[in-house]
Amino acid sequence: MTTYRVAVISGDGIGNEVTPAAVQALDACAAAAGFRFEWTSFPWGSAWYFEHGRMMPDDALDQLRPFDAIFFGAVGDPKIQDNVTLNGLLLPIRRTFDQYACVRPAVLYPGVRCPLAGKQPGDIDFVVVRENTEGEYAQVGGVLYSGGAHEVAVQSSMFTRHGTERVIRFAFDLARRRSRKRLLTSVTKSNAQGFSMAFWDRVFADVARDYPDIRTESLLVDAACMDLVRRPETFDVIVASNLFGDILTDLSAAITGSLGLAPSANLNPDRTFPSMFEPVHGSAPDIAGRGVANPMAAMLAGGMMLEFLGQLEAARSLEDAVIGVLAEGTVVSRDLGGAAGTAEVTEAVLGRLR
């Protein structure tokens, strides 16, 4: 029997609630399809930080390296500055394992109310590809004269030809595989950032010549935000830098109903290192521990993991189960306007998988 070894980092807050729910759903899919998961949990995150002074141990990345995939929950604690938690756990994994393509689908599912007037299920269905290892999150910079009247902070973005071209090619290939609108939209801010973003625009134009079958458009990020609200149904695949991709996908989740439905995959397309799968939402400390978090984003992220591992039938089964619960509308989580908790939503999805 095929066995996949998966590292589980539930992390912080509701990550500890939605991750076990998704693991249950993934085990059910595996049992039905005739393969299995071997899960190994790692207790890293803010609780580890409070005890050890760091988010994960020195050899954490070496421990993760042999796994087929990493399944991640959420990171963040109100008692710790966010840059400490993010740069202490999530970003080192993405960079060390060269997970350069962050793929974040945005779909308006049946049974989900769109906050935009007149949009029906199926109208919105696009994917954001976010460059995931450099750009604005490269952590190049520093602080001088800290705490003084003349304190100076410098934060530099880093865009390489290699990193920019490969994520743009990945996005073109995805637009080709999706075979829907066959449209790739590049989002930058090259009118204001005349070096880094103009460089991105130039690389995008160069790569586009190799994909004559794919239509292209380039938008400034402010115009892209406006158009995601004004005409979201026209998008197919969007490619953007680390920062802009991060911002656009929170907006994408909002216009498709909830962050509780937004999955993501941090992919190493060359498969030289494990890829990581996680919900887009954060640790949500305001609702953590109350049993009300929506586990569907984590489940859909699990579906993306199944697809990446080559278990396409199981991936479709999991997505169909989630969509079935949403469409039926009898078990509705609180973020979608209902009263169902994490356990109830999980059981409803498991019932369809059984």
# chains A, B, ... in the order shown; residues from 1 in each chain; ligands from 1

$ residues_around --residues "Gly282 in chain A" --least-positions-apart "3" --cutoff "9 Å" --atoms "only C-alpha atoms" --output "ChimeraX atom specification"
/A:12-15,73-76,259,279,285

$ write_last_selection --atoms "N, CA and C atoms" --output "short mmCIF file (atom, residue, chain, number, x, y, z; two decimals), in the first residue's frame"
data_model
loop_
_atom_site.label_atom_id
_atom_site.label_comp_id
_atom_site.auth_asym_id
_atom_site.auth_seq_id
_atom_site.Cartn_x
_atom_site.Cartn_y
_atom_site.Cartn_z
N ASP A 12 -0.30 27.58 15.91
CA ASP A 12 -0.92 28.41 16.94
C ASP A 12 -2.42 28.56 16.73
N GLY A 13 -3.10 28.97 17.79
CA GLY A 13 -4.50 29.35 17.71
C GLY A 13 -5.37 28.29 17.08
N ILE A 14 -6.20 28.71 16.13
CA ILE A 14 -7.13 27.77 15.51
C ILE A 14 -6.44 26.74 14.63
N GLY A 15 -5.13 26.93 14.39
CA GLY A 15 -4.39 25.89 13.69
C GLY A 15 -4.48 24.56 14.40
N GLY A 73 -0.78 24.49 9.99
CA GLY A 73 -2.01 25.10 10.49
C GLY A 73 -2.02 26.61 10.41
N ALA A 74 -1.40 27.26 11.39
CA ALA A 74 -1.36 28.72 11.43
C ALA A 74 -0.26 29.15 12.39
N VAL A 75 0.18 30.38 12.26
CA VAL A 75 1.22 30.89 13.16
C VAL A 75 0.84 32.31 13.58
N GLY A 76 1.13 32.63 14.84
CA GLY A 76 0.86 33.97 15.35
C GLY A 76 0.27 33.94 16.74
N LEU A 259 -12.36 33.82 4.62
CA LEU A 259 -11.02 33.24 4.74
C LEU A 259 -11.10 31.77 5.15
N PRO A 279 -4.05 26.47 5.22
CA PRO A 279 -5.11 27.44 4.96
C PRO A 279 -4.52 28.85 4.91
N PRO A 285 -6.61 34.46 17.10
CA PRO A 285 -6.65 34.32 18.57
C PRO A 285 -7.97 34.73 19.19
#

$ residues_around --residues "Glu17 in chain A" --least-positions-apart "6" --cutoff "8 Å" --atoms "only C-alpha atoms" --output "MDAnalysis selection string"
chainID A and resid 289 291 293 295 342

$ select_by_dssp --residues "range 23-252 of chain A" --states "strand (DSSP E)" --output "MDAnalysis selection string"
chainID A and resid 36:41 69:74 101:107 125:131 135:144 152:158 183:188 215:220 237:240

$ closest_residue --among "A:Ile93, A:Val6, A:Val112, A:Val187" --to "Ala223 in chain A" --atoms "only C-alpha atoms"
A:Val187

$ residues_around --residues "range 299-312 of chain A" --least-positions-apart "6" --cutoff "8 Å" --atoms "only C-alpha atoms" --output "PyMOL selection string"
chain A and resi 21-23+25-26+69+71+261-265+276-279+318-319+322

$ closest_residue --among "A:Asp236, A:Glu344, A:Asp82, A:Asp68" --to "Pro105 in chain A" --atoms "only C-alpha atoms"
A:Asp236

$ closest_residue --among "A:Ala254, A:Ala47, A:Val349, A:Arg209" --to "Pro78 in chain A" --atoms "only C-alpha atoms"
A:Ala47

$ residues_around --residues "range 28-32 of chain A" --least-positions-apart "6" --cutoff "8 Å" --atoms "only C-alpha atoms" --output "NGL selection string"
:A and (314-315 or 317-318 or 350 or 353-354)

$ write_last_selection --atoms "N, CA and C atoms" --output "PDB file, in the first residue's frame"
ATOM      1  N   ALA A 314      -8.839  11.095  -5.046  1.00  0.00           N
ATOM      2  CA  ALA A 314      -9.063  11.445  -3.641  1.00  0.00           C
ATOM      3  C   ALA A 314      -9.205  12.950  -3.475  1.00  0.00           C
ATOM      4  N   ALA A 315      -8.420  13.709  -4.222  1.00  0.00           N
ATOM      5  CA  ALA A 315      -8.521  15.170  -4.150  1.00  0.00           C
ATOM      6  C   ALA A 315      -9.902  15.634  -4.576  1.00  0.00           C
ATOM      7  N   SER A 317     -12.644  13.879  -4.470  1.00  0.00           N
ATOM      8  CA  SER A 317     -13.617  13.425  -3.465  1.00  0.00           C
ATOM      9  C   SER A 317     -13.694  14.389  -2.296  1.00  0.00           C
ATOM     10  N   LEU A 318     -12.537  14.860  -1.856  1.00  0.00           N
ATOM     11  CA  LEU A 318     -12.525  15.779  -0.721  1.00  0.00           C
ATOM     12  C   LEU A 318     -13.152  17.114  -1.090  1.00  0.00           C
ATOM     13  N   LEU A 350     -17.086  14.494   6.777  1.00  0.00           N
ATOM     14  CA  LEU A 350     -16.752  13.073   6.907  1.00  0.00           C
ATOM     15  C   LEU A 350     -17.922  12.197   6.499  1.00  0.00           C
ATOM     16  N   LEU A 353     -17.834  11.832   2.873  1.00  0.00           N
ATOM     17  CA  LEU A 353     -16.700  11.009   2.428  1.00  0.00           C
ATOM     18  C   LEU A 353     -16.957   9.529   2.678  1.00  0.00           C
ATOM     19  N   ARG A 354     -17.742   9.219   3.718  1.00  0.00           N
ATOM     20  CA  ARG A 354     -18.045   7.835   4.034  1.00  0.00           C
ATOM     21  C   ARG A 354     -19.056   7.241   3.042  1.00  0.00           C
TER      22      ARG A 354
END

$ closest_residue --among "A:Trp39, A:Tyr211, A:Phe204, A:Phe97" --to "Ala240 in chain A" --atoms "only C-alpha atoms"
A:Phe204

$ select_by_dssp --residues "range 66-116 of chain A" --states "helix (DSSP H, G or I)" --output "number ranges by chain"
A: 82-96

$ write_last_selection --atoms "N, CA, C and O atoms" --output "PDB file, in the first residue's frame"
ATOM      1  N   ASP A  82       4.525  39.860  15.319  1.00  0.00           N
ATOM      2  CA  ASP A  82       4.279  38.973  14.185  1.00  0.00           C
ATOM      3  C   ASP A  82       5.532  38.666  13.369  1.00  0.00           C
ATOM      4  O   ASP A  82       5.666  37.574  12.823  1.00  0.00           O
ATOM      5  N   ASN A  83       6.451  39.640  13.257  1.00  0.00           N
ATOM      6  CA  ASN A  83       7.643  39.364  12.460  1.00  0.00           C
ATOM      7  C   ASN A  83       8.516  38.296  13.113  1.00  0.00           C
ATOM      8  O   ASN A  83       9.259  37.577  12.437  1.00  0.00           O
ATOM      9  N   VAL A  84       8.409  38.130  14.440  1.00  0.00           N
ATOM     10  CA  VAL A  84       9.161  37.086  15.133  1.00  0.00           C
ATOM     11  C   VAL A  84       8.568  35.717  14.822  1.00  0.00           C
ATOM     12  O   VAL A  84       9.285  34.766  14.491  1.00  0.00           O
ATOM     13  N   THR A  85       7.244  35.610  14.896  1.00  0.00           N
ATOM     14  CA  THR A  85       6.614  34.315  14.652  1.00  0.00           C
ATOM     15  C   THR A  85       6.738  33.899  13.189  1.00  0.00           C
ATOM     16  O   THR A  85       7.049  32.748  12.880  1.00  0.00           O
ATOM     17  N   LEU A  86       6.528  34.849  12.287  1.00  0.00           N
ATOM     18  CA  LEU A  86       6.570  34.519  10.859  1.00  0.00           C
ATOM     19  C   LEU A  86       7.984  34.156  10.410  1.00  0.00           C
ATOM     20  O   LEU A  86       8.207  33.139   9.752  1.00  0.00           O
ATOM     21  N   ASN A  87       8.954  34.987  10.796  1.00  0.00           N
ATOM     22  CA  ASN A  87      10.327  34.743  10.378  1.00  0.00           C
ATOM     23  C   ASN A  87      11.000  33.643  11.187  1.00  0.00           C
ATOM     24  O   ASN A  87      12.075  33.169  10.809  1.00  0.00           O
ATOM     25  N   GLY A  88      10.360  33.228  12.261  1.00  0.00           N
ATOM     26  CA  GLY A  88      10.926  32.150  13.049  1.00  0.00           C
ATOM     27  C   GLY A  88      10.431  30.775  12.667  1.00  0.00           C
ATOM     28  O   GLY A  88      11.007  29.765  13.092  1.00  0.00           O
ATOM     29  N   LEU A  89       9.390  30.705  11.840  1.00  0.00           N
ATOM     30  CA  LEU A  89       8.802  29.400  11.532  1.00  0.00           C
ATOM     31  C   LEU A  89       8.439  29.263  10.051  1.00  0.00           C
ATOM     32  O   LEU A  89       9.050  28.487   9.312  1.00  0.00           O
ATOM     33  N   LEU A  90       7.471  30.023   9.594  1.00  0.00           N
ATOM     34  CA  LEU A  90       6.903  29.786   8.266  1.00  0.00           C
ATOM     35  C   LEU A  90       7.857  30.171   7.135  1.00  0.00           C
ATOM     36  O   LEU A  90       8.082  29.397   6.200  1.00  0.00           O
ATOM     37  N   LEU A  91       8.428  31.375   7.211  1.00  0.00           N
ATOM     38  CA  LEU A  91       9.264  31.837   6.104  1.00  0.00           C
ATOM     39  C   LEU A  91      10.546  31.016   5.936  1.00  0.00           C
ATOM     40  O   LEU A  91      10.943  30.744   4.785  1.00  0.00           O
ATOM     41  N   PRO A  92      11.214  30.591   7.006  1.00  0.00           N
ATOM     42  CA  PRO A  92      12.394  29.737   6.795  1.00  0.00           C
ATOM     43  C   PRO A  92      12.058  28.423   6.089  1.00  0.00           C
ATOM     44  O   PRO A  92      12.862  27.917   5.293  1.00  0.00           O
ATOM     45  N   ILE A  93      10.882  27.863   6.358  1.00  0.00           N
ATOM     46  CA  ILE A  93      10.482  26.630   5.673  1.00  0.00           C
ATOM     47  C   ILE A  93      10.292  26.902   4.186  1.00  0.00           C
ATOM     48  O   ILE A  93      10.790  26.166   3.328  1.00  0.00           O
ATOM     49  N   ARG A  94       9.580  27.981   3.855  1.00  0.00           N
ATOM     50  CA  ARG A  94       9.334  28.299   2.452  1.00  0.00           C
ATOM     51  C   ARG A  94      10.639  28.529   1.700  1.00  0.00           C
ATOM     52  O   ARG A  94      10.818  28.044   0.574  1.00  0.00           O
ATOM     53  N   ARG A  95      11.566  29.275   2.316  1.00  0.00           N
ATOM     54  CA  ARG A  95      12.802  29.605   1.611  1.00  0.00           C
ATOM     55  C   ARG A  95      13.753  28.417   1.527  1.00  0.00           C
ATOM     56  O   ARG A  95      14.313  28.126   0.466  1.00  0.00           O
ATOM     57  N   THR A  96      13.948  27.722   2.647  1.00  0.00           N
ATOM     58  CA  THR A  96      14.914  26.627   2.664  1.00  0.00           C
ATOM     59  C   THR A  96      14.510  25.518   1.712  1.00  0.00           C
ATOM     60  O   THR A  96      15.361  24.912   1.048  1.00  0.00           O
TER      61      THR A  96
END

$ closest_residue --among "A:Ala205, A:Val18, A:Ala33, A:Val152" --to "Val292 in chain A" --atoms "only C-alpha atoms"
A:Val18

$ atom_distance --atom1 "CA of Phe273 in chain A" --atom2 "CA of Leu64 in chain A"
9.2 Å

$ atom_distance --atom1 "CA of Val332 in chain A" --atom2 "CA of Ala348 in chain A"
9.8 Å

$ atom_distance --atom1 "CA of Phe235 in chain A" --atom2 "CA of Thr216 in chain A"
10.7 Å
